[in-house]
Structures are given as C-alpha cells and as structure tokens.
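*Asks:* Before anything else, here's the structure in question.
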Amino acid sequence: MLEHYVVLTPHPGRERQLTEALGELAAGIGGGVTGLRDLTWGENTNASGLARGYTHGCLGRFDDTRAFDAYWVHPAHQLFMSRLDEICSERFAMDYATAPAAPAPGESQDRT
C-alpha cells in the first residue's frame, strides 16, 4: 500500500478557501480512482504543526503506485493542484509504502 500525506499552509485569510478546495477534491475524486482505498482531509489540531503554520492535512491511501498515478492525473486532482499556489504559501508531501497488515492472532494467513 502507498500512503500519500500532504500538509498545507494557506496564505493569511485563505483558510476557508483551502477547506473548500480540499472538500471539492474529495467530492470530485469520489469513487473515480480504482485502487484508492481512502482519501481523508481535515483541519490540523496538533499544536506543534499549527505553530509552524500547517493548518490542514490530506491523506490518500492507494493499493499501489498505479493507483496513485491514476489519482495524480485525475481531473479533480489536477484542478486542486492548479489552485494551490493561489491558496497556499507552503505545502509538502510525503509518500511511503506500508507493509500489509499482519494477521490477527488465530487468523489464517491463507486467504484462498
């Protein structure tokens, strides 16, 4: 699984625009990307991040890089990206692969 995490700092007074843009991204993606397991976003509540100006975050969880690549070129994501410079003064993304979850105790590993 590929995790794609983005933190965002809006220009002063653009917090509401950022909230709206993130909502439009999520609504626009909908179920339109095969392999996108989850797309969440929200306003930051962590004092450390807020002290650095990071007011919003977004997390996408993808089955693999092909699913991420499909998300990247999706029209809703491209629209969101085209608006970020006018809304945000700073942003950064971090992508990382996660291992499949280990089976729970007593659960069989054979899923055939």
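Chain identifiers are assigned as A, B, and so on, following the order in which chains appear in the structure tokens; residues are numbered from 1 within each chain, and ligands are numbered from 1 in order of appearance.
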Could you pull the residues within 12 Å of Gln78 in chain A, counting only C-alpha atoms, minus those fewer than 6 positions along the same chain, as a list of chain:residue names?

*Replies:* A:Ala21, A:Glu24, A:Leu25, A:Gly28, A:Ile29, A:Asp69, A:Ala70, A:Tyr71, A:Trp72, A:Leu84

*Asks:* Could you give me, as a PDB file with N, CA and C atoms, in the first residue's frame, the residues within 10 Å of Asn44 in chain A, counting only C-alpha atoms and dropping anything in the same chain fewer than 5 positions from it?

*Replies:*
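Result file follows (around-v8.pdb):
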ATOM      1  N   VAL A   7       0.716  18.154   3.922  1.00  0.00           N
ATOM      2  CA  VAL A   7       0.365  19.189   4.895  1.00  0.00           C
ATOM      3  C   VAL A   7       0.453  20.532   4.190  1.00  0.00           C
ATOM      4  N   LEU A   8      -0.436  21.441   4.578  1.00  0.00           N
ATOM      5  CA  LEU A   8      -0.611  22.686   3.836  1.00  0.00           C
ATOM      6  C   LEU A   8      -0.683  23.895   4.758  1.00  0.00           C
ATOM      7  N   GLY A  49       2.329  21.383  14.794  1.00  0.00           N
ATOM      8  CA  GLY A  49       2.136  21.703  13.388  1.00  0.00           C
ATOM      9  C   GLY A  49       1.514  23.075  13.196  1.00  0.00           C
ATOM     10  N   LEU A  50       0.549  23.422  14.051  1.00  0.00           N
ATOM     11  CA  LEU A  50      -0.085  24.734  13.955  1.00  0.00           C
ATOM     12  C   LEU A  50       0.925  25.850  14.206  1.00  0.00           C
ATOM     13  N   GLY A  53       2.474  26.731  11.162  1.00  0.00           N
ATOM     14  CA  GLY A  53       1.579  27.243  10.125  1.00  0.00           C
ATOM     15  C   GLY A  53       0.831  26.192   9.337  1.00  0.00           C
ATOM     16  N   TYR A  54       1.024  24.919   9.646  1.00  0.00           N
ATOM     17  CA  TYR A  54       0.341  23.854   8.912  1.00  0.00           C
ATOM     18  C   TYR A  54      -1.071  23.686   9.467  1.00  0.00           C
ATOM     19  N   THR A  55      -2.039  24.227   8.746  1.00  0.00           N
ATOM     20  CA  THR A  55      -3.415  24.258   9.234  1.00  0.00           C
ATOM     21  C   THR A  55      -4.286  23.127   8.722  1.00  0.00           C
ATOM     22  N   HIS A  56      -3.852  22.459   7.638  1.00  0.00           N
ATOM     23  CA  HIS A  56      -4.661  21.415   7.016  1.00  0.00           C
ATOM     24  C   HIS A  56      -3.779  20.243   6.592  1.00  0.00           C
ATOM     25  N   GLY A  57      -4.384  19.073   6.525  1.00  0.00           N
ATOM     26  CA  GLY A  57      -3.691  17.890   6.030  1.00  0.00           C
ATOM     27  C   GLY A  57      -4.622  17.052   5.173  1.00  0.00           C
ATOM     28  N   CYS A  58      -4.007  16.220   4.339  1.00  0.00           N
ATOM     29  CA  CYS A  58      -4.761  15.335   3.451  1.00  0.00           C
ATOM     30  C   CYS A  58      -3.995  14.021   3.347  1.00  0.00           C
TER      31      CYS A  58
END

*Asks:* Under the rule that only C-alpha atoms are counted, which of A:Pro12, A:Glu20, A:Ser48, A:Asp63 is the nearest residue to Ala99 in chain A?

*Replies:*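 Nearest candidate to Ala99 in chain A out of A:Pro12, A:Glu20, A:Ser48, A:Asp63: A:Asp63.
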
*Asks:* Based on the backbone DSSP call, show me all residues of chain A assigned helix (DSSP H, G or I), as number ranges by chain.

*Replies:* A: 15-29, 47-51, 65-73, 75-87

*Asks:* Pull the strand (DSSP E) assignments for range 37-109 of chain A out of DSSP run on the backbone, and list those residues as JSON, numbers by chain.

*Replies:* {"A": [37, 38, 39, 40, 41, 42, 43, 56, 57, 58, 59, 60, 61, 62, 88, 89, 90, 91, 92, 93, 94, 95, 96, 97]}

*Asks:* Go ahead and write the residues just picked, C-alpha atoms, as a PDB file, in the first residue's frame.

*Replies:*
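Written file, part17.pdb:
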ATOM      1  CA  ARG A  37      -8.730   2.995  -0.655  1.00  0.00           C
ATOM      2  CA  ASP A  38      -9.254   6.185   1.279  1.00  0.00           C
ATOM      3  CA  LEU A  39      -8.944   9.936   0.864  1.00  0.00           C
ATOM      4  CA  THR A  40      -9.336  11.973   4.029  1.00  0.00           C
ATOM      5  CA  TRP A  41      -8.592  15.563   4.888  1.00  0.00           C
ATOM      6  CA  GLY A  42      -9.150  17.962   7.725  1.00  0.00           C
ATOM      7  CA  GLU A  43      -8.020  20.907   9.771  1.00  0.00           C
ATOM      8  CA  HIS A  56      -4.661  21.415   7.016  1.00  0.00           C
ATOM      9  CA  GLY A  57      -3.691  17.890   6.030  1.00  0.00           C
ATOM     10  CA  CYS A  58      -4.761  15.335   3.451  1.00  0.00           C
ATOM     11  CA  LEU A  59      -4.084  11.593   3.369  1.00  0.00           C
ATOM     12  CA  GLY A  60      -4.588   9.259   0.418  1.00  0.00           C
ATOM     13  CA  ARG A  61      -4.175   5.507   0.718  1.00  0.00           C
ATOM     14  CA  PHE A  62      -3.563   3.600  -2.505  1.00  0.00           C
ATOM     15  CA  CYS A  88      -1.156  28.138  -0.068  1.00  0.00           C
ATOM     16  CA  SER A  89       2.116  29.727   0.908  1.00  0.00           C
ATOM     17  CA  GLU A  90       3.655  26.350   1.656  1.00  0.00           C
ATOM     18  CA  ARG A  91       2.970  22.656   1.351  1.00  0.00           C
ATOM     19  CA  PHE A  92       4.863  19.420   1.422  1.00  0.00           C
ATOM     20  CA  ALA A  93       4.065  15.828   0.670  1.00  0.00           C
ATOM     21  CA  MET A  94       5.444  12.593   1.979  1.00  0.00           C
ATOM     22  CA  ASP A  95       4.851   9.247   0.284  1.00  0.00           C
ATOM     23  CA  TYR A  96       5.735   5.908   1.789  1.00  0.00           C
ATOM     24  CA  ALA A  97       4.940   2.251   1.264  1.00  0.00           C
TER      25      ALA A  97
END

*Asks:* What's the separation between CA of Glu86 in chain A and CA of Thr45 in chain A, in Å to one decimal place?

*Replies:*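 The value is 23.5 Å.
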
*Asks:* Name the closest residue to Leu2 in chain A among the candidates A:Pro105, A:Gly23, A:Pro75, A:Gly35; distances are taken between atoms, counting only C-alpha atoms.

*Replies:*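 Going through A:Pro105, A:Gly23, A:Pro75, A:Gly35 one by one, the smallest distance to Leu2 in chain A is for A:Gly35.
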